[in-house]
$ cat entry-v5.cif   # mmCIF, C-alpha atoms
data_query
loop_
_atom_site.label_atom_id
_atom_site.label_comp_id
_atom_site.auth_asym_id
_atom_site.auth_seq_id
_atom_site.Cartn_x
_atom_site.Cartn_y
_atom_site.Cartn_z
CA MET B 1 -88.08 126.10 86.04
CA SER B 2 -90.55 128.98 86.07
CA PRO B 3 -93.69 129.02 83.88
CA LEU B 4 -92.22 131.94 81.92
CA GLN B 5 -89.09 129.94 81.09
CA THR B 6 -91.27 126.99 80.06
CA LEU B 7 -93.27 129.30 77.75
CA ARG B 8 -90.07 130.68 76.19
CA LEU B 9 -88.77 127.18 75.52
CA ALA B 10 -92.09 126.20 73.94
CA ALA B 11 -92.13 129.32 71.75
CA ARG B 12 -88.53 128.67 70.64
CA ALA B 13 -89.37 125.08 69.73
CA LEU B 14 -92.40 126.16 67.69
CA ARG B 15 -90.39 128.85 65.85
CA ARG B 16 -87.89 126.25 64.65
CA ASN B 17 -90.57 124.82 62.34
CA LEU B 18 -92.77 127.84 61.77
CA MET B 19 -94.59 126.52 58.70
CA ARG B 20 -95.26 123.17 60.34
CA SER B 21 -96.57 124.94 63.44
CA PHE B 22 -98.91 127.07 61.31
CA LEU B 23 -100.22 124.07 59.36
CA THR B 24 -100.79 122.24 62.65
CA ALA B 25 -102.76 125.16 64.05
CA LEU B 26 -104.71 125.48 60.77
CA GLY B 27 -107.18 122.79 61.82
CA ILE B 28 -107.96 124.73 65.00
CA ILE B 29 -108.21 127.98 63.02
CA ILE B 30 -110.70 126.47 60.59
CA GLY B 31 -112.69 124.83 63.39
CA VAL B 32 -113.04 127.96 65.52
CA ALA B 33 -113.78 130.13 62.47
CA ALA B 34 -116.44 127.67 61.32
CA VAL B 35 -118.11 127.56 64.75
CA ILE B 36 -118.27 131.37 65.02
CA ALA B 37 -119.39 131.91 61.42
CA MET B 38 -122.05 129.17 61.47
CA VAL B 39 -123.50 130.19 64.83
CA SER B 40 -123.58 133.83 63.69
CA ILE B 41 -125.41 132.86 60.51
CA GLY B 42 -127.84 130.75 62.51
CA GLU B 43 -128.50 133.63 64.90
CA GLY B 44 -128.96 135.97 61.95
CA ALA B 45 -131.47 133.60 60.38
CA ARG B 46 -133.38 133.34 63.65
CA SER B 47 -133.39 137.13 64.03
CA ARG B 48 -134.67 137.47 60.47
CA VAL B 49 -137.52 135.04 61.19
CA GLU B 50 -138.42 136.91 64.40
CA ALA B 51 -138.38 140.27 62.60
CA SER B 52 -140.50 138.92 59.74
CA PHE B 53 -143.21 137.64 62.05
CA ALA B 54 -143.01 140.73 64.27
CA SER B 55 -143.67 142.85 61.17
CA MET B 56 -146.92 140.92 60.61
CA GLY B 57 -148.23 141.77 64.07
CA THR B 58 -148.23 140.15 67.49
CA ASN B 59 -150.62 137.45 68.78
CA LEU B 60 -152.13 137.30 65.33
CA LEU B 61 -154.84 134.94 64.12
CA ILE B 62 -155.83 134.84 60.45
CA ILE B 63 -159.36 133.55 59.79
CA MET B 64 -159.69 132.27 56.24
CA PRO B 65 -163.06 131.71 54.51
CA GLY B 66 -164.17 128.20 53.57
CA SER B 67 -163.40 126.06 50.53
CA SER B 68 -165.58 125.60 47.46
CA THR B 69 -166.55 122.36 45.70
CA SER B 70 -167.24 122.15 41.97
CA GLY B 71 -167.64 118.92 40.02
CA GLY B 72 -166.06 116.96 42.86
CA ALA B 73 -163.00 119.23 42.90
CA ARG B 74 -162.48 121.02 46.20
CA GLY B 75 -160.86 124.42 46.31
CA GLY B 76 -158.58 125.60 49.08
CA PHE B 77 -159.58 127.74 52.04
CA GLY B 78 -160.55 131.19 50.83
CA SER B 79 -162.15 129.98 47.60
CA GLN B 80 -165.70 130.18 49.04
CA PRO B 81 -166.85 133.32 50.95
CA THR B 82 -168.24 132.23 54.31
CA LEU B 83 -167.26 135.13 56.59
CA THR B 84 -169.68 138.03 56.89
CA LYS B 85 -169.60 141.62 58.07
CA ASP B 86 -171.70 140.52 61.03
CA ASP B 87 -169.04 137.92 61.92
CA LEU B 88 -166.49 140.72 61.95
CA ARG B 89 -168.64 142.86 64.25
CA ALA B 90 -169.23 139.88 66.55
CA LEU B 91 -165.50 139.22 66.82
CA GLN B 92 -164.90 142.87 67.66
CA ASN B 93 -167.63 143.14 70.28
CA GLU B 94 -168.40 139.73 71.82
CA LEU B 95 -165.00 138.26 72.74
CA PRO B 96 -163.09 140.03 75.54
CA GLY B 97 -159.92 138.17 74.56
CA VAL B 98 -159.89 139.86 71.14
CA GLU B 99 -157.98 143.14 71.17
CA ALA B 100 -158.92 144.09 67.60
CA ALA B 101 -160.33 142.53 64.45
CA ALA B 102 -160.26 143.77 60.86
CA ALA B 103 -161.06 142.45 57.42
CA ASP B 104 -158.12 142.27 55.01
CA LEU B 105 -159.49 142.24 51.47
CA ARG B 106 -157.02 142.32 48.59
CA THR B 107 -156.88 142.91 44.88
CA GLY B 108 -154.15 143.65 42.40
CA ALA B 109 -154.32 147.04 40.69
CA GLN B 110 -152.31 149.58 38.73
CA LEU B 111 -151.73 152.82 40.61
CA ALA B 112 -151.02 155.92 38.55
CA SER B 113 -149.80 159.36 39.59
CA GLU B 114 -149.39 162.26 37.19
CA GLU B 115 -146.01 161.01 35.96
CA GLN B 116 -145.55 157.38 37.09
CA ASN B 117 -147.50 154.17 37.56
CA TRP B 118 -146.94 151.03 39.62
CA ALA B 119 -148.72 147.68 39.95
CA THR B 120 -149.24 146.65 43.55
CA SER B 121 -151.56 144.93 46.02
CA VAL B 122 -154.46 147.08 47.23
CA HIS B 123 -155.97 146.24 50.64
CA GLY B 124 -159.44 147.14 51.83
CA THR B 125 -159.65 147.34 55.60
CA SER B 126 -160.45 149.45 58.66
CA PRO B 127 -158.37 151.43 61.21
CA GLU B 128 -158.03 148.33 63.43
CA PHE B 129 -155.77 146.82 60.76
CA PHE B 130 -152.98 149.25 61.63
CA ARG B 131 -153.29 148.46 65.34
CA ILE B 132 -153.14 144.72 64.65
CA ARG B 133 -150.11 145.05 62.39
CA LYS B 134 -148.41 147.56 64.73
CA TRP B 135 -148.03 149.81 61.71
CA SER B 136 -148.00 153.60 61.97
CA ALA B 137 -147.61 156.39 59.43
CA ALA B 138 -144.23 157.94 58.67
CA GLN B 139 -145.99 160.79 56.86
CA GLY B 140 -149.57 161.97 57.27
CA ALA B 141 -152.01 159.61 59.00
CA VAL B 142 -153.61 156.20 58.66
CA LEU B 143 -157.30 155.53 57.97
CA THR B 144 -159.92 156.77 60.43
CA PRO B 145 -163.38 155.39 61.31
CA SER B 146 -164.97 158.34 59.49
CA ASP B 147 -163.12 157.34 56.30
CA VAL B 148 -164.74 153.89 56.51
CA ASP B 149 -168.19 155.24 57.42
CA ALA B 150 -168.17 157.77 54.57
CA GLY B 151 -166.62 155.44 51.99
CA ALA B 152 -163.97 158.09 51.42
CA LYS B 153 -161.70 157.88 48.41
CA VAL B 154 -158.48 158.08 50.41
CA VAL B 155 -155.44 155.81 50.35
CA VAL B 156 -152.47 155.07 52.60
CA LEU B 157 -149.38 154.04 50.64
CA GLY B 158 -146.58 151.70 51.58
CA ALA B 159 -143.09 153.20 51.44
CA THR B 160 -142.16 151.29 48.26
CA VAL B 161 -145.27 152.42 46.35
CA ALA B 162 -144.82 156.05 47.46
CA GLU B 163 -141.21 155.97 46.28
CA LYS B 164 -142.10 154.46 42.90
CA LEU B 165 -144.90 156.94 42.24
CA PHE B 166 -143.46 160.17 43.66
CA GLY B 167 -139.72 159.68 44.17
CA ALA B 168 -137.52 158.75 47.10
CA ASN B 169 -137.76 162.01 49.07
CA ALA B 170 -141.04 163.45 47.80
CA ASP B 171 -143.95 164.30 50.11
CA ALA B 172 -146.77 162.08 48.84
CA VAL B 173 -149.41 163.30 51.33
CA GLY B 174 -152.12 165.27 49.57
CA GLN B 175 -151.24 163.93 46.12
CA LEU B 176 -153.77 162.18 43.89
CA VAL B 177 -153.39 158.64 42.53
CA ARG B 178 -155.75 156.66 40.35
CA ILE B 179 -156.59 153.08 41.28
CA LYS B 180 -158.42 151.26 38.50
CA GLY B 181 -159.25 154.69 37.11
CA VAL B 182 -160.75 155.97 40.38
CA PRO B 183 -159.03 159.03 41.90
CA PHE B 184 -157.84 158.66 45.51
CA GLN B 185 -156.15 161.20 47.74
CA VAL B 186 -153.03 160.07 49.60
CA VAL B 187 -153.51 160.73 53.33
CA GLY B 188 -150.44 158.91 54.63
CA VAL B 189 -147.27 156.94 53.91
CA LEU B 190 -146.54 154.00 56.21
CA GLU B 191 -143.30 153.27 58.06
CA ARG B 192 -141.09 150.70 56.40
CA LYS B 193 -141.73 147.09 57.40
CA GLY B 194 -139.23 145.30 55.15
CA GLN B 195 -139.69 141.77 53.88
CA SER B 196 -142.25 139.31 55.18
CA ALA B 197 -141.47 135.74 56.29
CA ASN B 198 -141.98 134.48 52.72
CA GLY B 199 -139.76 137.14 51.17
CA GLN B 200 -142.46 139.54 49.93
CA ASP B 201 -142.07 143.31 50.30
CA ASN B 202 -144.48 144.46 53.03
CA ASP B 203 -144.06 148.05 51.84
CA ASP B 204 -145.29 147.30 48.32
CA THR B 205 -148.94 147.95 49.20
CA ALA B 206 -151.76 150.47 49.17
CA ILE B 207 -154.58 150.53 51.75
CA VAL B 208 -158.07 151.99 51.28
CA PRO B 209 -161.21 152.00 53.46
CA LEU B 210 -163.13 148.72 53.47
CA THR B 211 -166.36 150.33 52.25
CA THR B 212 -164.58 152.09 49.40
CA PHE B 213 -162.85 148.89 48.41
CA LEU B 214 -166.15 147.01 48.18
CA SER B 215 -167.97 149.76 46.28
CA ARG B 216 -165.21 150.95 43.94
CA LEU B 217 -162.50 148.34 43.48
CA SER B 218 -163.94 144.86 44.00
CA PRO B 219 -167.43 143.48 43.39
CA ALA B 220 -169.42 143.23 46.61
CA LEU B 221 -170.75 139.84 47.69
CA GLY B 222 -173.67 141.09 49.72
CA ALA B 223 -173.06 140.49 53.39
CA TYR B 224 -170.00 138.28 52.73
CA LEU B 225 -166.40 139.40 52.91
CA PRO B 226 -164.27 138.19 49.97
CA GLY B 227 -161.20 137.71 52.10
CA PRO B 228 -159.79 136.86 55.52
CA ILE B 229 -160.27 138.50 58.91
CA LEU B 230 -157.28 139.40 61.07
CA VAL B 231 -157.66 139.03 64.84
CA SER B 232 -155.21 140.26 67.48
CA ALA B 233 -155.47 138.43 70.82
CA VAL B 234 -154.88 140.21 74.10
CA SER B 235 -153.05 137.16 75.51
CA ASP B 236 -153.25 133.35 75.64
CA VAL B 237 -153.60 132.98 71.88
CA PRO B 238 -154.67 129.29 71.89
CA ARG B 239 -157.57 130.09 74.25
CA VAL B 240 -158.68 133.02 72.09
CA GLN B 241 -158.40 130.82 69.00
CA GLN B 242 -160.79 128.32 70.59
CA GLN B 243 -163.20 131.11 71.52
CA VAL B 244 -163.16 132.41 67.94
CA THR B 245 -163.80 128.89 66.64
CA ASP B 246 -166.73 128.37 69.00
CA LEU B 247 -168.24 131.75 68.13
CA LEU B 248 -168.02 131.24 64.36
CA ARG B 249 -169.36 127.67 64.53
CA GLU B 250 -172.32 128.94 66.53
CA ARG B 251 -172.96 131.84 64.16
CA HIS B 252 -172.67 129.61 61.07
CA ARG B 253 -174.90 126.96 62.67
CA ILE B 254 -172.37 124.17 62.16
CA ALA B 255 -173.55 120.89 63.68
CA PRO B 256 -171.35 119.11 66.26
CA GLY B 257 -168.85 116.86 64.49
CA ALA B 258 -169.23 118.71 61.16
CA ASP B 259 -166.22 120.37 59.53
CA ASP B 260 -165.64 124.10 59.95
CA ASP B 261 -166.43 126.30 56.97
CA PHE B 262 -163.43 128.46 57.85
CA SER B 263 -159.79 128.00 58.82
CA ILE B 264 -157.78 129.73 61.53
CA ARG B 265 -154.04 130.16 61.20
CA ASN B 266 -152.14 130.91 64.38
CA LEU B 267 -149.01 132.84 63.42
CA ALA B 268 -147.53 132.21 66.85
CA GLU B 269 -147.44 128.49 66.04
CA VAL B 270 -145.96 129.16 62.60
CA ALA B 271 -143.34 131.45 64.11
CA SER B 272 -142.51 128.82 66.74
CA ALA B 273 -142.06 126.16 64.07
CA GLN B 274 -139.84 128.48 62.05
CA GLN B 275 -137.89 129.31 65.20
CA GLU B 276 -137.35 125.64 66.01
CA GLY B 277 -136.17 125.05 62.47
CA ALA B 278 -133.68 127.92 62.70
CA ASP B 279 -132.44 126.68 66.10
CA THR B 280 -132.03 123.14 64.77
CA LEU B 281 -130.11 124.44 61.75
CA SER B 282 -127.89 126.56 63.98
CA THR B 283 -127.14 123.60 66.27
CA LEU B 284 -126.43 121.32 63.31
CA LEU B 285 -124.03 123.82 61.74
CA ALA B 286 -122.26 124.39 65.06
CA SER B 287 -121.94 120.62 65.60
CA ILE B 288 -120.45 120.12 62.16
CA ALA B 289 -118.03 122.96 62.78
CA ALA B 290 -117.07 121.49 66.18
CA VAL B 291 -115.92 118.34 64.39
CA SER B 292 -113.27 120.51 62.70
CA LEU B 293 -111.92 121.35 66.14
CA LEU B 294 -111.54 117.67 66.96
CA VAL B 295 -109.80 117.07 63.64
CA GLY B 296 -107.49 119.97 64.50
CA GLY B 297 -106.78 118.33 67.86
CA ILE B 298 -105.81 115.08 66.14
CA GLY B 299 -103.44 117.11 63.97
CA ILE B 300 -101.84 118.59 67.09
CA MET B 301 -101.39 115.12 68.62
CA ASN B 302 -99.83 113.81 65.43
CA ILE B 303 -97.33 116.65 65.13
CA MET B 304 -96.46 116.55 68.83
CA LEU B 305 -95.74 112.82 68.57
CA VAL B 306 -93.47 113.54 65.61
CA SER B 307 -91.83 116.33 67.60
CA VAL B 308 -91.22 114.03 70.57
CA THR B 309 -89.58 111.47 68.30
CA GLU B 310 -87.41 114.11 66.58
CA ARG B 311 -86.31 115.61 69.90
CA THR B 312 -85.60 112.37 71.77
CA ARG B 313 -81.89 113.20 72.27
CA GLU B 314 -82.86 116.75 73.41
CA ILE B 315 -85.21 115.25 75.97
CA GLY B 316 -82.47 112.88 77.17
CA ILE B 317 -79.99 115.76 77.55
CA ARG B 318 -82.49 117.86 79.49
CA MET B 319 -83.18 114.99 81.86
CA ALA B 320 -79.45 114.26 82.21
CA VAL B 321 -78.74 117.83 83.38
CA GLY B 322 -81.52 117.76 85.97
CA ALA B 323 -84.88 118.36 84.26
CA THR B 324 -87.67 116.47 86.00
CA PRO B 325 -90.38 114.48 84.16
CA GLY B 326 -92.86 117.12 85.32
CA GLN B 327 -90.87 119.89 83.62
CA VAL B 328 -90.65 117.91 80.38
CA LEU B 329 -94.38 117.24 80.57
CA ALA B 330 -95.05 120.94 81.15
CA GLN B 331 -92.90 121.97 78.18
CA PHE B 332 -94.70 119.77 75.66
CA LEU B 333 -98.12 120.57 77.09
CA THR B 334 -97.27 124.27 76.83
CA GLU B 335 -96.30 123.81 73.18
CA ALA B 336 -99.60 122.09 72.42
CA LEU B 337 -101.57 124.69 74.35
CA THR B 338 -99.76 127.55 72.61
CA LEU B 339 -100.53 126.05 69.20
CA SER B 340 -104.20 125.59 70.00
CA LEU B 341 -104.72 128.99 71.63
CA LEU B 342 -102.96 130.84 68.80
CA GLY B 343 -105.10 128.85 66.38
CA GLY B 344 -108.17 129.78 68.41
CA LEU B 345 -107.39 133.51 68.33
CA LEU B 346 -106.67 133.45 64.60
CA GLY B 347 -109.85 131.41 64.15
CA VAL B 348 -111.87 134.08 65.99
CA ALA B 349 -110.59 136.74 63.62
CA ALA B 350 -111.25 134.56 60.58
CA GLY B 351 -114.71 133.62 61.89
CA VAL B 352 -115.74 137.25 62.42
CA ILE B 353 -114.61 138.17 58.91
CA ALA B 354 -116.41 135.16 57.43
CA ALA B 355 -119.58 135.98 59.39
CA GLN B 356 -119.50 139.57 58.10
CA GLN B 357 -119.14 138.42 54.51
CA LEU B 358 -121.88 135.79 54.79
CA SER B 359 -124.33 138.11 56.55
CA ALA B 360 -123.75 140.75 53.88
CA GLY B 361 -124.30 138.15 51.15
CA PHE B 362 -127.53 136.82 52.68
CA GLY B 363 -128.75 140.26 53.74
CA TRP B 364 -129.14 139.06 57.34
CA PRO B 365 -128.12 140.96 60.48
CA LEU B 366 -124.69 140.15 61.90
CA LEU B 367 -125.13 138.70 65.39
CA LEU B 368 -121.87 137.72 67.08
CA ARG B 369 -122.36 135.95 70.38
CA THR B 370 -119.60 136.71 72.88
CA ASP B 371 -120.31 133.52 74.82
CA ILE B 372 -119.81 131.41 71.68
CA ILE B 373 -116.53 133.21 70.88
CA LEU B 374 -115.25 132.62 74.41
CA ALA B 375 -116.48 129.03 74.43
CA ALA B 376 -114.85 128.27 71.06
CA THR B 377 -111.55 129.78 72.19
CA GLY B 378 -111.68 127.93 75.50
CA PHE B 379 -112.59 124.68 73.77
CA SER B 380 -109.63 125.09 71.43
CA GLY B 381 -107.38 125.33 74.50
CA LEU B 382 -108.95 122.17 75.96
CA VAL B 383 -108.42 120.42 72.64
CA GLY B 384 -104.75 121.40 72.72
CA VAL B 385 -104.28 120.10 76.28
CA GLY B 386 -106.35 116.95 75.70
CA PHE B 387 -104.65 115.89 72.49
CA GLY B 388 -101.23 117.11 73.61
CA LEU B 389 -101.32 115.15 76.86
CA TYR B 390 -100.37 111.75 75.40
CA PRO B 391 -97.28 113.04 73.51
CA ALA B 392 -96.24 115.02 76.60
CA LEU B 393 -96.60 111.94 78.84
CA LYS B 394 -94.61 109.92 76.33
CA ALA B 395 -91.81 112.49 76.48
CA ALA B 396 -91.90 112.71 80.29
CA ARG B 397 -91.68 108.91 80.71
CA MET B 398 -88.58 108.47 78.55
CA ASP B 399 -85.56 106.79 80.06
CA PRO B 400 -82.70 109.36 79.86
CA ILE B 401 -80.07 106.74 78.97
CA THR B 402 -82.18 105.27 76.17
CA ALA B 403 -82.99 108.78 74.92
CA LEU B 404 -79.29 109.77 74.80
CA ARG B 405 -78.50 106.67 72.71
CA PHE B 406 -81.32 107.49 70.22
CA GLU B 407 -80.09 108.16 66.66
#
$ encode --input "entry-v5.cif" --output "structure tokens"
Amino acid sequence: MSPLQTLRLAARALRRNLMRSFLTALGIIIGVAAVIAMVSIGEGARSRVEASFASMGTNLLIIMPGSSTSGGARGGFGSQPTLTKDDLRALQNELPGVEAAAADLRTGAQLASEEQNWATSVHGTSPEFFRIRKWSAAQGAVLTPSDVDAGAKVVVLGATVAEKLFGANADAVGQLVRIKGVPFQVVGVLERKGQSANGQDNDDTAIVPLTTFLSRLSPALGAYLPGPILVSAVSDVPRVQQQVTDLLRERHRIAPGADDDFSIRNLAEVASAQQEGADTLSTLLASIAAVSLLVGGIGIMNIMLVSVTERTREIGIRMAVGATPGQVLAQFLTEALTLSLLGGLLGVAAGVIAAQQLSAGFGWPLLLRTDIILAATGFSGLVGVGFGLYPALKAARMDPITALRFE
């Protein structure tokens, strides 16, 4: 008997009980769909984490000022100014591993145009900030060194702020906005960055020169900077982090063994931890979904055993007219394989649809991995063969005389 004839016989047998065949394949459908959907969601989550940290800049170190102590209560890092303008200059000029360094001072403020107003976060910084954050202007230009030197009253707006103050398609460059009552001229609108790793809108911001920030928007603290310093490393971030630590400890005259009066956050380590978490979640979800495939395989074995019992006389007749045990084995294995592969293909379609719906609901990118789709489909076929083998062997080993007498 040719393979095509065996396939036709298997298809005819499955069509006799179409609903039962569908319900048997349903376990495989759910399993494959779950694997594809869960892996896609996991990949989307990982991509979202990567994009969030990429939007913050590459090889980024954040140096936070020290903590304060009052009445025995210790504040967190950043509560006590310990970083100075001289520290910033030293980081820029004395460490070859530092590509750029910039202060990132912040305050909340109400921005007002002629017709609208919007509360946002105002940053005081220098041109290096835009290089560190890999952030360029969509309209106009970013801050220049002359803006910082002159203490110019200019501002670069994030896309969200520009839209809220001037409208979605308006040209904000050259317009005037008031920040805490001080007029600033808009010199640029930044490209969209989207959400940060903690869900905040990166584009809901306004950026002014550091000198202007200290003189007009936030009380100066003498030589101290009331905020963190951002450092972009050329390469080998851990080595640069150690160099920054050594330099600041030396400048602040911290004795050996004493605690630092600053804190350094390595975003590469944070991103790696987030990445590991996303990978672990993706693996866990895929493992749970794979269990559904095994449950579907058990369903196939159960139904095939029932089918063998129901068709005992048919098996006896086939053997009596010359069918070999190998041909009977092939027929039942083909039925099991057909069920599982059809279930796998339907599961792929269902999984893609589910992944699209879930990614749209979460707002994550849809990332379908072809290797996972092929692996899930192939695994469904292996499940069909593996769990269909015992019923097929049982059918092939029947004694024709005993089978013909079966009622």
$ closest_residue --input "entry-v5.cif" --among "B:Val155, B:Ala34, B:Leu267, B:Leu190" --to "Asn59 in chain B" --atoms "all atoms listed in the file"
B:Leu267
$ closest_residue --input "entry-v5.cif" --among "B:Ser380, B:Ser47, B:Thr211, B:Asn117" --to "Ser146 in chain B" --atoms "all atoms listed in the file"
B:Thr211
$ closest_residue --input "entry-v5.cif" --among "B:Thr125, B:Ser235, B:Thr312, B:Asn302" --to "Thr24 in chain B" --atoms "all atoms listed in the file"
B:Asn302
$ resolve_selection --input "entry-v5.cif" --expression "the PyMOL selection byres ((chain B and resi 399) around 12)" --output "list in words"
Thr312, Arg313, Ile315, Gly316, Ile317, Arg318, Met319, Ala320, Thr324, Pro325, Lys394, Ala395, Ala396, Arg397, Met398, Pro400, Ile401, Thr402, Ala403, Leu404, Arg405 and Phe406 of chain B
$ closest_residue --input "entry-v5.cif" --among "B:Ile62, B:Gly194, B:Glu314, B:Asp204" --to "Ala119 in chain B" --atoms "all atoms listed in the file"
B:Asp204
$ residues_near_point --input "entry-v5.cif" --point "(-174.1, 141.1, 54.2)" --cutoff "9 Å" --atoms "only C-alpha atoms" --output "list of chain:residue names"
B:Thr84, B:Lys85, B:Asp86, B:Leu221, B:Gly222, B:Ala223, B:Tyr224, B:Leu225
$ atom_distance --input "entry-v5.cif" --atom1 "CA of Ile63 in chain B" --atom2 "CA of Arg89 in chain B"
13.9 Å
$ residues_around --input "entry-v5.cif" --residues "Thr212 in chain B" --least-positions-apart "6" --cutoff "9 Å" --atoms "only C-alpha atoms" --output "PyMOL selection string"
chain B and resi 124+147-148+150-154
